[in-house]
file entry.txt (compact mmCIF, C-alpha atoms)
# COMPACT_ATOMS: atom_id res chain seq x y z
CA MET C 22 167.16 104.24 107.44
CA GLY C 23 165.53 107.61 108.02
CA PRO C 24 166.31 110.46 110.42
CA GLY C 25 164.29 108.95 113.29
CA ARG C 26 165.95 105.54 113.23
CA ASN C 27 167.68 105.96 116.62
CA LEU C 28 164.64 107.51 118.27
CA LEU C 29 162.87 105.66 121.06
CA VAL C 30 159.14 106.03 121.50
CA VAL C 31 157.64 105.82 124.99
CA THR C 32 153.95 105.23 125.58
CA GLN C 33 152.06 107.14 128.27
CA GLY C 34 150.69 104.01 129.97
CA ASP C 35 147.57 104.55 132.05
CA PRO C 36 147.33 108.35 132.33
CA ALA C 37 145.95 108.07 135.89
CA GLY C 38 148.95 106.03 137.01
CA ILE C 39 152.57 106.96 137.65
CA GLY C 40 153.60 106.69 133.98
CA PRO C 41 153.26 110.41 133.19
CA GLU C 42 155.35 111.57 136.15
CA LEU C 43 157.98 108.88 135.50
CA ILE C 44 158.34 110.22 131.96
CA LEU C 45 158.72 113.76 133.23
CA ARG C 46 161.24 112.77 135.89
CA ALA C 47 163.24 110.70 133.41
CA TRP C 48 163.51 113.72 131.10
CA LEU C 49 164.68 115.85 134.04
CA HIS C 50 167.46 113.28 134.65
CA ARG C 51 168.33 112.95 130.96
CA ARG C 52 171.81 114.49 131.22
CA GLU C 53 173.05 112.96 134.47
CA GLN C 54 171.76 109.54 133.35
CA ALA C 55 172.99 109.99 129.75
CA LEU C 56 169.58 108.97 128.45
CA PRO C 57 169.13 108.54 124.69
CA ALA C 58 166.57 110.70 122.93
CA PHE C 59 162.97 109.59 123.31
CA ALA C 60 159.58 110.92 122.34
CA VAL C 61 156.37 110.31 124.27
CA LEU C 62 153.05 109.27 122.80
CA ALA C 63 150.58 111.22 124.91
CA ASP C 64 148.20 114.16 125.11
CA PRO C 65 150.50 117.22 125.48
CA ASP C 66 147.86 119.13 127.44
CA HIS C 67 147.54 116.32 129.96
CA LEU C 68 151.30 116.08 130.48
CA GLY C 69 151.41 119.85 130.83
CA ARG C 70 148.80 119.70 133.61
CA VAL C 71 150.72 116.96 135.39
CA THR C 72 153.87 119.07 135.17
CA ARG C 73 152.17 122.12 136.64
CA ASP C 74 150.43 120.14 139.39
CA LEU C 75 153.78 118.69 140.47
CA GLY C 76 155.38 122.13 140.41
CA TRP C 77 158.08 121.08 137.95
CA SER C 78 159.48 123.32 135.23
CA ILE C 79 159.53 121.16 132.10
CA PRO C 80 159.04 122.54 128.59
CA ILE C 81 156.79 120.29 126.51
CA SER C 82 156.94 120.36 122.73
CA PRO C 83 154.43 118.61 120.42
CA VAL C 84 156.46 117.36 117.44
CA GLU C 85 156.51 115.12 114.41
CA PRO C 86 158.65 112.00 115.00
CA SER C 87 161.33 113.28 112.59
CA LYS C 88 161.85 116.37 114.78
CA ALA C 89 161.99 114.63 118.15
CA ILE C 90 165.73 113.99 118.42
CA ASP C 91 166.58 117.62 117.67
CA THR C 92 164.01 118.75 120.25
CA PHE C 93 164.94 116.36 123.07
CA ASP C 94 167.72 118.29 124.76
CA ALA C 95 165.71 121.51 125.17
CA ALA C 96 162.18 120.16 125.64
CA LEU C 97 160.28 116.92 126.16
CA PRO C 98 159.08 115.88 122.68
CA ILE C 99 155.46 114.70 122.56
CA ILE C 100 153.91 112.94 119.58
CA PRO C 101 150.29 113.99 120.14
CA LEU C 102 147.45 111.51 120.36
CA SER C 103 144.09 112.23 118.78
CA HIS C 104 142.24 111.35 122.01
CA ALA C 105 142.28 114.08 124.66
CA VAL C 106 142.97 113.00 128.25
CA SER C 107 141.71 114.65 131.44
CA ALA C 108 142.69 111.90 133.86
CA GLU C 109 143.10 112.56 137.56
CA PRO C 110 146.04 110.84 139.25
CA GLY C 111 145.01 107.72 141.11
CA ARG C 112 141.55 107.54 139.51
CA PRO C 113 141.56 105.03 136.65
CA ASP C 114 138.70 105.41 134.21
CA PRO C 115 137.72 103.37 131.11
CA ALA C 116 137.03 106.69 129.39
CA TYR C 117 140.78 106.97 128.77
CA ALA C 118 141.19 103.47 127.35
CA ALA C 119 141.10 104.76 123.77
CA SER C 120 144.13 106.97 124.37
CA VAL C 121 146.04 104.11 126.00
CA ILE C 122 145.35 101.83 123.04
CA GLU C 123 146.13 104.56 120.51
CA ALA C 124 149.53 105.17 122.11
CA ILE C 125 150.47 101.48 121.82
CA GLU C 126 149.21 101.13 118.25
CA THR C 127 151.01 104.29 117.14
CA ALA C 128 154.25 103.19 118.78
CA VAL C 129 154.18 99.88 116.91
CA ARG C 130 153.49 101.68 113.61
CA LEU C 131 156.46 103.99 114.17
CA VAL C 132 158.78 101.06 114.87
CA HIS C 133 157.47 99.09 111.89
CA SER C 134 157.96 102.10 109.61
CA GLY C 135 161.54 102.72 110.77
CA ALA C 136 160.69 106.09 112.30
CA ALA C 137 161.74 104.68 115.69
CA SER C 138 164.24 102.01 116.65
CA ALA C 139 162.43 100.57 119.69
CA LEU C 140 159.50 101.18 121.98
CA VAL C 141 159.21 101.47 125.74
CA THR C 142 155.79 100.97 127.28
CA ASN C 143 154.65 102.44 130.56
CA PRO C 144 152.35 100.32 132.76
CA ILE C 145 148.69 99.90 131.94
CA ALA C 146 145.82 98.57 134.04
CA LYS C 147 144.23 95.68 132.20
CA HIS C 148 141.01 95.84 134.19
CA VAL C 149 140.46 99.40 132.98
CA LEU C 150 140.87 98.31 129.36
CA TYR C 151 138.63 95.27 129.90
CA ASP C 152 135.87 97.57 131.12
CA ALA C 153 136.20 99.46 127.82
CA GLY C 154 135.91 96.30 125.73
CA PHE C 155 139.59 95.39 125.28
CA ARG C 156 139.76 91.78 124.03
CA HIS C 157 143.42 90.84 124.51
CA PRO C 158 144.67 89.00 127.63
CA GLY C 159 147.23 91.70 128.31
CA HIS C 160 149.72 94.29 127.10
CA THR C 161 152.19 91.79 125.66
CA GLU C 162 149.57 89.78 123.78
CA PHE C 163 148.25 93.00 122.24
CA LEU C 164 151.74 93.89 121.03
CA ALA C 165 152.13 90.40 119.56
CA ALA C 166 148.84 90.79 117.68
CA LEU C 167 149.98 94.17 116.32
CA ALA C 168 153.29 92.62 115.25
CA ALA C 169 151.61 90.02 113.04
CA ALA C 170 151.37 90.62 109.31
CA PRO C 171 147.83 90.54 107.87
CA GLY C 172 146.58 86.96 107.67
CA GLU C 173 149.44 85.59 109.76
CA ALA C 174 149.36 84.20 113.27
CA ALA C 175 150.73 86.39 116.05
CA PRO C 176 154.26 85.51 117.22
CA HIS C 177 154.66 83.80 120.58
CA PRO C 178 155.84 86.52 122.99
CA VAL C 179 158.07 85.66 125.93
CA MET C 180 158.43 87.89 128.98
CA MET C 181 161.95 88.24 130.31
CA LEU C 182 162.80 90.27 133.41
CA TRP C 183 166.35 91.48 132.90
CA SER C 184 168.93 93.11 135.13
CA GLU C 185 172.70 93.04 135.13
CA ALA C 186 172.56 90.62 138.06
CA LEU C 187 169.84 88.24 136.86
CA ALA C 188 167.58 87.50 133.90
CA VAL C 189 164.48 85.35 134.44
CA VAL C 190 161.68 84.09 132.21
CA PRO C 191 158.36 82.77 133.55
CA VAL C 192 157.18 79.98 131.24
CA THR C 193 153.60 80.43 132.44
CA VAL C 194 152.71 83.98 133.34
CA HIS C 195 149.44 85.55 134.49
CA ILE C 196 147.43 82.50 135.45
CA PRO C 197 146.29 81.18 138.85
CA LEU C 198 148.81 79.02 140.61
CA GLY C 199 146.36 76.12 140.58
CA SER C 200 146.29 76.22 136.77
CA VAL C 201 150.06 76.03 136.33
CA PRO C 202 150.52 72.21 136.28
CA SER C 203 147.98 71.71 133.52
CA ALA C 204 149.22 74.72 131.50
CA LEU C 205 152.85 73.65 131.74
CA THR C 206 153.72 71.39 128.82
CA THR C 207 156.91 70.05 127.32
CA GLU C 208 156.08 71.87 124.09
CA LEU C 209 155.64 75.22 125.87
CA ILE C 210 158.95 74.88 127.70
CA VAL C 211 160.75 73.95 124.47
CA GLU C 212 159.23 76.87 122.53
CA THR C 213 160.09 79.29 125.32
CA GLY C 214 163.64 77.97 125.67
CA ARG C 215 164.27 78.22 121.93
CA ILE C 216 163.05 81.82 121.80
CA VAL C 217 165.14 82.81 124.83
CA ALA C 218 168.30 81.19 123.45
CA ARG C 219 167.79 82.80 120.03
CA GLU C 220 167.16 86.27 121.45
CA LEU C 221 170.15 86.02 123.79
CA ARG C 222 172.28 85.35 120.73
CA VAL C 223 170.72 87.81 118.30
CA ARG C 224 169.80 90.75 120.54
CA PHE C 225 172.06 90.34 123.57
CA GLY C 226 175.15 89.23 121.69
CA LEU C 227 175.80 85.99 123.60
CA SER C 228 177.38 83.52 121.20
CA HIS C 229 176.73 80.53 123.48
CA PRO C 230 173.84 81.30 125.84
CA ARG C 231 173.42 79.17 128.94
CA LEU C 232 169.96 78.43 130.31
CA ALA C 233 168.95 77.13 133.72
CA VAL C 234 165.52 75.55 134.12
CA ALA C 235 163.77 75.52 137.48
CA GLY C 236 161.78 72.57 138.68
CA LEU C 237 158.09 72.97 139.34
CA ASN C 238 157.95 71.16 142.67
CA PRO C 239 160.05 71.53 145.83
CA HIS C 240 163.49 69.99 145.37
CA ALA C 241 162.65 69.61 141.65
CA GLY C 242 160.34 66.75 142.57
CA GLU C 243 162.99 64.75 144.43
CA ASN C 244 162.88 61.85 141.95
CA GLY C 245 159.08 61.73 141.95
CA ALA C 246 158.63 61.82 145.71
CA ILE C 247 157.20 65.38 145.56
CA GLY C 248 155.39 65.39 142.23
CA THR C 249 156.11 63.94 138.81
CA GLU C 250 156.03 66.98 136.51
CA ASP C 251 159.77 67.57 136.81
CA SER C 252 160.57 64.18 135.30
CA THR C 253 157.60 63.76 132.93
CA VAL C 254 157.19 67.31 131.58
CA ILE C 255 160.29 69.41 132.28
CA MET C 256 163.09 66.89 131.76
CA PRO C 257 161.89 65.86 128.26
CA ALA C 258 161.88 69.55 127.29
CA ILE C 259 165.44 69.96 128.52
CA GLU C 260 166.55 66.95 126.49
CA ILE C 261 165.00 68.41 123.32
CA LEU C 262 166.68 71.78 123.91
CA ARG C 263 170.02 70.02 124.40
CA GLN C 264 169.48 68.16 121.13
CA ASP C 265 169.09 71.62 119.55
CA GLY C 266 172.60 72.43 120.76
CA ILE C 267 171.47 74.72 123.59
CA GLU C 268 173.34 74.51 126.89
CA VAL C 269 170.70 73.82 129.54
CA ALA C 270 170.95 72.87 133.20
CA GLY C 271 168.04 71.43 135.17
CA PRO C 272 165.52 70.88 136.39
CA LEU C 273 167.02 72.68 139.36
CA PRO C 274 165.52 73.21 142.83
CA ALA C 275 164.25 76.78 142.70
CA ASP C 276 165.33 77.51 146.26
CA THR C 277 169.05 77.11 145.46
CA MET C 278 169.43 78.50 141.93
CA PHE C 279 169.30 82.25 142.56
CA HIS C 280 172.20 82.91 144.94
CA ALA C 281 175.27 84.63 143.51
CA ARG C 282 177.39 81.54 142.80
CA ALA C 283 174.49 79.76 141.11
CA ARG C 284 173.69 82.80 138.95
CA SER C 285 177.25 82.86 137.61
CA ARG C 286 176.60 79.54 135.85
CA TYR C 287 173.81 80.70 133.53
CA ASP C 288 172.68 83.68 131.46
CA ALA C 289 168.92 83.31 131.93
CA ALA C 290 166.70 81.21 134.18
CA LEU C 291 163.44 79.67 133.01
CA ALA C 292 160.95 79.55 135.87
CA MET C 293 157.76 77.55 135.72
CA TYR C 294 155.37 80.20 137.04
CA HIS C 295 155.09 83.92 137.65
CA ASP C 296 156.21 84.31 141.26
CA GLN C 297 158.98 81.73 140.95
CA ALA C 298 160.57 84.12 138.45
CA LEU C 299 159.61 87.52 139.81
CA ILE C 300 160.33 87.07 143.51
CA PRO C 301 164.08 86.56 143.04
CA ILE C 302 164.60 89.36 140.52
CA LYS C 303 162.51 91.84 142.49
CA THR C 304 164.49 90.93 145.58
CA ILE C 305 167.84 91.29 143.84
CA ALA C 306 167.13 94.23 141.50
CA PHE C 307 163.83 95.82 142.49
CA ASP C 308 164.51 99.29 141.08
CA GLU C 309 166.73 98.31 138.15
CA ALA C 310 164.93 95.35 136.54
CA VAL C 311 163.47 95.76 133.06
CA ASN C 312 160.68 93.82 131.37
CA VAL C 313 161.84 92.77 127.89
CA THR C 314 159.48 91.08 125.44
CA LEU C 315 161.27 88.40 123.42
CA GLY C 316 159.93 86.86 120.23
CA LEU C 317 158.64 90.07 118.64
CA PRO C 318 160.05 91.51 115.38
CA PHE C 319 160.93 94.73 117.24
CA VAL C 320 162.46 95.73 120.55
CA ARG C 321 160.05 96.38 123.40
CA THR C 322 161.00 97.07 126.99
CA SER C 323 158.97 98.23 129.97
CA PRO C 324 159.49 99.15 133.63
CA ASP C 325 159.18 96.18 135.94
CA HIS C 326 156.28 97.58 137.98
CA GLY C 327 152.64 98.48 137.70
CA THR C 328 150.56 101.66 137.55
CA ALA C 329 150.86 102.39 141.30
CA PHE C 330 147.60 104.34 141.44
CA ASP C 331 148.06 104.74 145.20
CA ILE C 332 151.03 107.09 144.78
CA ALA C 333 150.20 108.64 141.41
CA GLY C 334 150.40 112.43 141.31
CA LYS C 335 152.46 112.69 144.50
CA GLY C 336 155.80 113.11 142.75
CA ILE C 337 157.44 110.33 144.76
CA ALA C 338 157.51 107.52 142.19
CA ARG C 339 161.07 106.46 141.32
CA PRO C 340 161.96 106.48 137.61
CA ASP C 341 164.87 104.03 137.93
CA SER C 342 163.19 101.12 136.14
CA LEU C 343 161.84 103.34 133.35
CA MET C 344 165.29 104.85 132.80
CA ALA C 345 166.82 101.36 132.76
CA ALA C 346 164.17 100.30 130.23
CA ILE C 347 165.00 103.30 128.03
CA LYS C 348 168.72 102.57 128.14
CA LEU C 349 168.27 98.88 127.38
CA ALA C 350 165.84 99.59 124.52
CA ALA C 351 168.38 101.99 122.99
CA ARG C 352 171.15 99.40 123.16
CA LEU C 353 169.08 96.56 121.74
CA GLY C 354 167.38 98.75 119.15
CA ALA C 355 170.75 99.91 117.87
CA GLY C 356 172.04 96.34 117.67
CA ARG C 357 174.42 96.75 120.61
CA PRO C 358 174.31 93.99 123.22
CA ALA C 359 173.28 94.73 126.78
CA PRO C 360 176.11 95.03 129.32
call {"tool": "encode", "arguments": {"input": "entry.txt", "output": "C-alpha cells"}}
result
Amino acid sequence: MGPGRNLLVVTQGDPAGIGPELILRAWLHRREQALPAFAVLADPDHLGRVTRDLGWSIPISPVEPSKAIDTFDAALPIIPLSHAVSAEPGRPDPAYAASVIEAIETAVRLVHSGAASALVTNPIAKHVLYDAGFRHPGHTEFLAALAAAPGEAAPHPVMMLWSEALAVVPVTVHIPLGSVPSALTTELIVETGRIVARELRVRFGLSHPRLAVAGLNPHAGENGAIGTEDSTVIMPAIEILRQDGIEVAGPLPADTMFHARARSRYDAALAMYHDQALIPIKTIAFDEAVNVTLGLPFVRTSPDHGTAFDIAGKGIARPDSLMAAIKLAARLGAGRPAP
C-alpha cells in the first residue's frame, strides 16, 4: 500500500483566511490532542511568514509525501506548491486562486495514488475563485469532478455535517430559500438517502443505519394544510427508501426532531434545505462539527466554518473543528468507524 498510506493531506484553503493559522495551531496541539500525522499542501515560505508574524516557534519542513510521517513529530511537513503565495491575512485576492486550486488538485492526486489515505480541506472563498475564472459551483463539486475517471460523469456528492451528538445532511445546499421547493424532488431525496445509508454502513460501520427525514413546511405540512410538498414529494421518497430496506422515519416536523430524545432514534437526519440542517448542528456542536463529503471514492473532511477573513492573522481562531476533521479523516481513511 506504500509508506504514505496512513498519511493525511491538508490543503491550505484560502491563504488570506484563517486556514494557515489553524494548521499551525493544530500542529502545536498534535501531542495533547493525539493527532495523526498530516502534511500540508502550501507554500512553505508563506506559512513561515505567518508563523513569524504570529510570534510562534514552529519548524517548517518542505518534504516529499513519503517523508512526511517521519517528519511530523519534529516539524510541520509541507508538500510545496509550485505557485508562490504572498497573501496578507484578511485580504482575499484572486491572484492566489491558482495556489488554492493546485492544493486541492494535488491532494486528490495523492489520495488517488495511495500516497495519502484521506484529505482534509481548509475553507476557501468561492467568490475569490470565481473572480479568477473558477467554473465549479463550489469546493465539493470541484472535488467530485476531480474524482471522476476520464469520460465518466462526476459522482453525486452529499454534504454531511457530523458530530458525536448529531449528523445532518442538507438535501438542497447553497441555493436561495425561494428556490428550494422547485429544486426539491423525490428523486433527489431518494438519491441522497441511498448515499447516506450506504456511507453510514461502509465508512461509519453502522450495520443498520437509521435515517430521519425532516418535512419542508411547518409541522411537516400538517396534512396539506401548510403546503403539499411533504405529502407529494417527500413521502414518496421515504416509501422508496423503505422499499430499499432502509429504516426511515418521517417526514418529521423540523422543530421537534433535534432535541436529545429525538436524536437518540436516528443516526443521521436529512434536512430539506441548508439552514434547516446547519442551525441545529451549529447550536449543538459549533466547535466540534465536521463537514464530511459522502459519495466520493475517497475520504474528505473539512472544518465546519468559513475563511473568517475578519479575524485572520490575529491568532485567535480556534482549531477545534480542524482537529476534529483531521481525527475523523484518519479514522475513516483507515477503515475504522467514527465513535
call {"tool": "closest_residue", "arguments": {"input": "entry.txt", "among": "C:Pro83, C:Tyr151, C:Val190, C:Asp251", "to": "Ala116 in chain C", "atoms": "only C-alpha atoms"}}
result
C:Tyr151
call {"tool": "residues_near_point", "arguments": {"input": "entry.txt", "point": "(171.5, 82.1, 126.2)", "cutoff": "10 Å", "atoms": "all atoms listed in the file", "output": "PyMOL selection string"}}
result
chain C and resi 214-223+225-233+267-269+287-290
call {"tool": "atom_distance", "arguments": {"input": "entry.txt", "atom1": "CA of Ala118 in chain C", "atom2": "CA of Ala166 in chain C"}}
result
17.7 Å
call {"tool": "atom_distance", "arguments": {"input": "entry.txt", "atom1": "CA of Ser252 in chain C", "atom2": "CA of Leu273 in chain C"}}
result
11.4 Å
call {"tool": "residues_around", "arguments": {"input": "entry.txt", "residues": "Gly154 in chain C", "least_positions_apart": "4", "cutoff": "10 Å", "atoms": "only C-alpha atoms", "output": "CSV table (one decimal) with C-alpha atoms, in the frame of the given file"}}
result
chain,number,residue,atom,x,y,z
C,115,PRO,CA,137.7,103.4,131.1
C,118,ALA,CA,141.2,103.5,127.4
C,148,HIS,CA,141.0,95.8,134.2
C,149,VAL,CA,140.5,99.4,133.0
C,150,LEU,CA,140.9,98.3,129.4
call {"tool": "residues_around", "arguments": {"input": "entry.txt", "residues": "range 95-112 of chain C", "least_positions_apart": "6", "cutoff": "6 Å", "atoms": "all atoms listed in the file", "output": "PDB file with C-alpha atoms, keeping the file's coordinate frame"}}
result
ATOM      1  CA  ALA C  37     145.950 108.070 135.890  1.00  0.00           C
ATOM      2  CA  GLY C  38     148.950 106.030 137.010  1.00  0.00           C
ATOM      3  CA  ALA C  60     159.580 110.920 122.340  1.00  0.00           C
ATOM      4  CA  VAL C  61     156.370 110.310 124.270  1.00  0.00           C
ATOM      5  CA  LEU C  62     153.050 109.270 122.800  1.00  0.00           C
ATOM      6  CA  ALA C  63     150.580 111.220 124.910  1.00  0.00           C
ATOM      7  CA  ASP C  64     148.200 114.160 125.110  1.00  0.00           C
ATOM      8  CA  HIS C  67     147.540 116.320 129.960  1.00  0.00           C
ATOM      9  CA  PRO C  80     159.040 122.540 128.590  1.00  0.00           C
ATOM     10  CA  ILE C  81     156.790 120.290 126.510  1.00  0.00           C
ATOM     11  CA  SER C  82     156.940 120.360 122.730  1.00  0.00           C
ATOM     12  CA  PRO C  83     154.430 118.610 120.420  1.00  0.00           C
ATOM     13  CA  VAL C  84     156.460 117.360 117.440  1.00  0.00           C
ATOM     14  CA  ALA C  89     161.990 114.630 118.150  1.00  0.00           C
ATOM     15  CA  SER C 120     144.130 106.970 124.370  1.00  0.00           C
ATOM     16  CA  PHE C 330     147.600 104.340 141.440  1.00  0.00           C
ATOM     17  CA  ASP C 331     148.060 104.740 145.200  1.00  0.00           C
ATOM     18  CA  ALA C 333     150.200 108.640 141.410  1.00  0.00           C
ATOM     19  CA  GLY C 334     150.400 112.430 141.310  1.00  0.00           C
TER      20      GLY C 334
END
call {"tool": "residues_around", "arguments": {"input": "entry.txt", "residues": "Pro197 in chain C", "least_positions_apart": "6", "cutoff": "12 Å", "atoms": "all atoms listed in the file", "output": "PyMOL selection string"}}
result
chain C and resi 203-204+294-296
call {"tool": "closest_residue", "arguments": {"input": "entry.txt", "among": "C:Gly356, C:Pro171, C:Gly336, C:Gly327", "to": "Thr72 in chain C", "atoms": "only C-alpha atoms"}}
result
C:Gly336
call {"tool": "atom_distance", "arguments": {"input": "entry.txt", "atom1": "CA of Asn244 in chain C", "atom2": "CA of Pro272 in chain C"}}
result
10.9 Å
call {"tool": "residues_around", "arguments": {"input": "entry.txt", "residues": "Ser87 in chain C", "least_positions_apart": "2", "cutoff": "12 Å", "atoms": "only C-alpha atoms", "output": "NGL selection string"}}
result
:C and (22-30 or 58-60 or 83-85 or 89-93 or 98-100 or 131 or 135-137)
call {"tool": "residues_near_point", "arguments": {"input": "entry.txt", "point": "(166.6, 95.4, 145.3)", "cutoff": "12 Å", "atoms": "all atoms listed in the file", "output": "MDAnalysis selection string"}}
result
chainID C and resid 184 186:187 299:310 325 341:342
call {"tool": "closest_residue", "arguments": {"input": "entry.txt", "among": "C:Glu243, C:Glu42, C:Glu208, C:Asp114", "to": "Arg70 in chain C", "atoms": "only C-alpha atoms"}}
result
C:Glu42
call {"tool": "closest_residue", "arguments": {"input": "entry.txt", "among": "C:Leu237, C:Ala338, C:Leu75, C:Met344", "to": "Leu198 in chain C", "atoms": "only C-alpha atoms"}}
result
C:Leu237
call {"tool": "closest_residue", "arguments": {"input": "entry.txt", "among": "C:Leu262, C:Ile145, C:Val311, C:Ala235", "to": "Leu349 in chain C", "atoms": "only C-alpha atoms"}}
result
C:Val311
call {"tool": "closest_residue", "arguments": {"input": "entry.txt", "among": "C:Pro65, C:Gly266, C:Pro324, C:Gly76", "to": "Trp183 in chain C", "atoms": "all atoms listed in the file"}}
result
C:Pro324
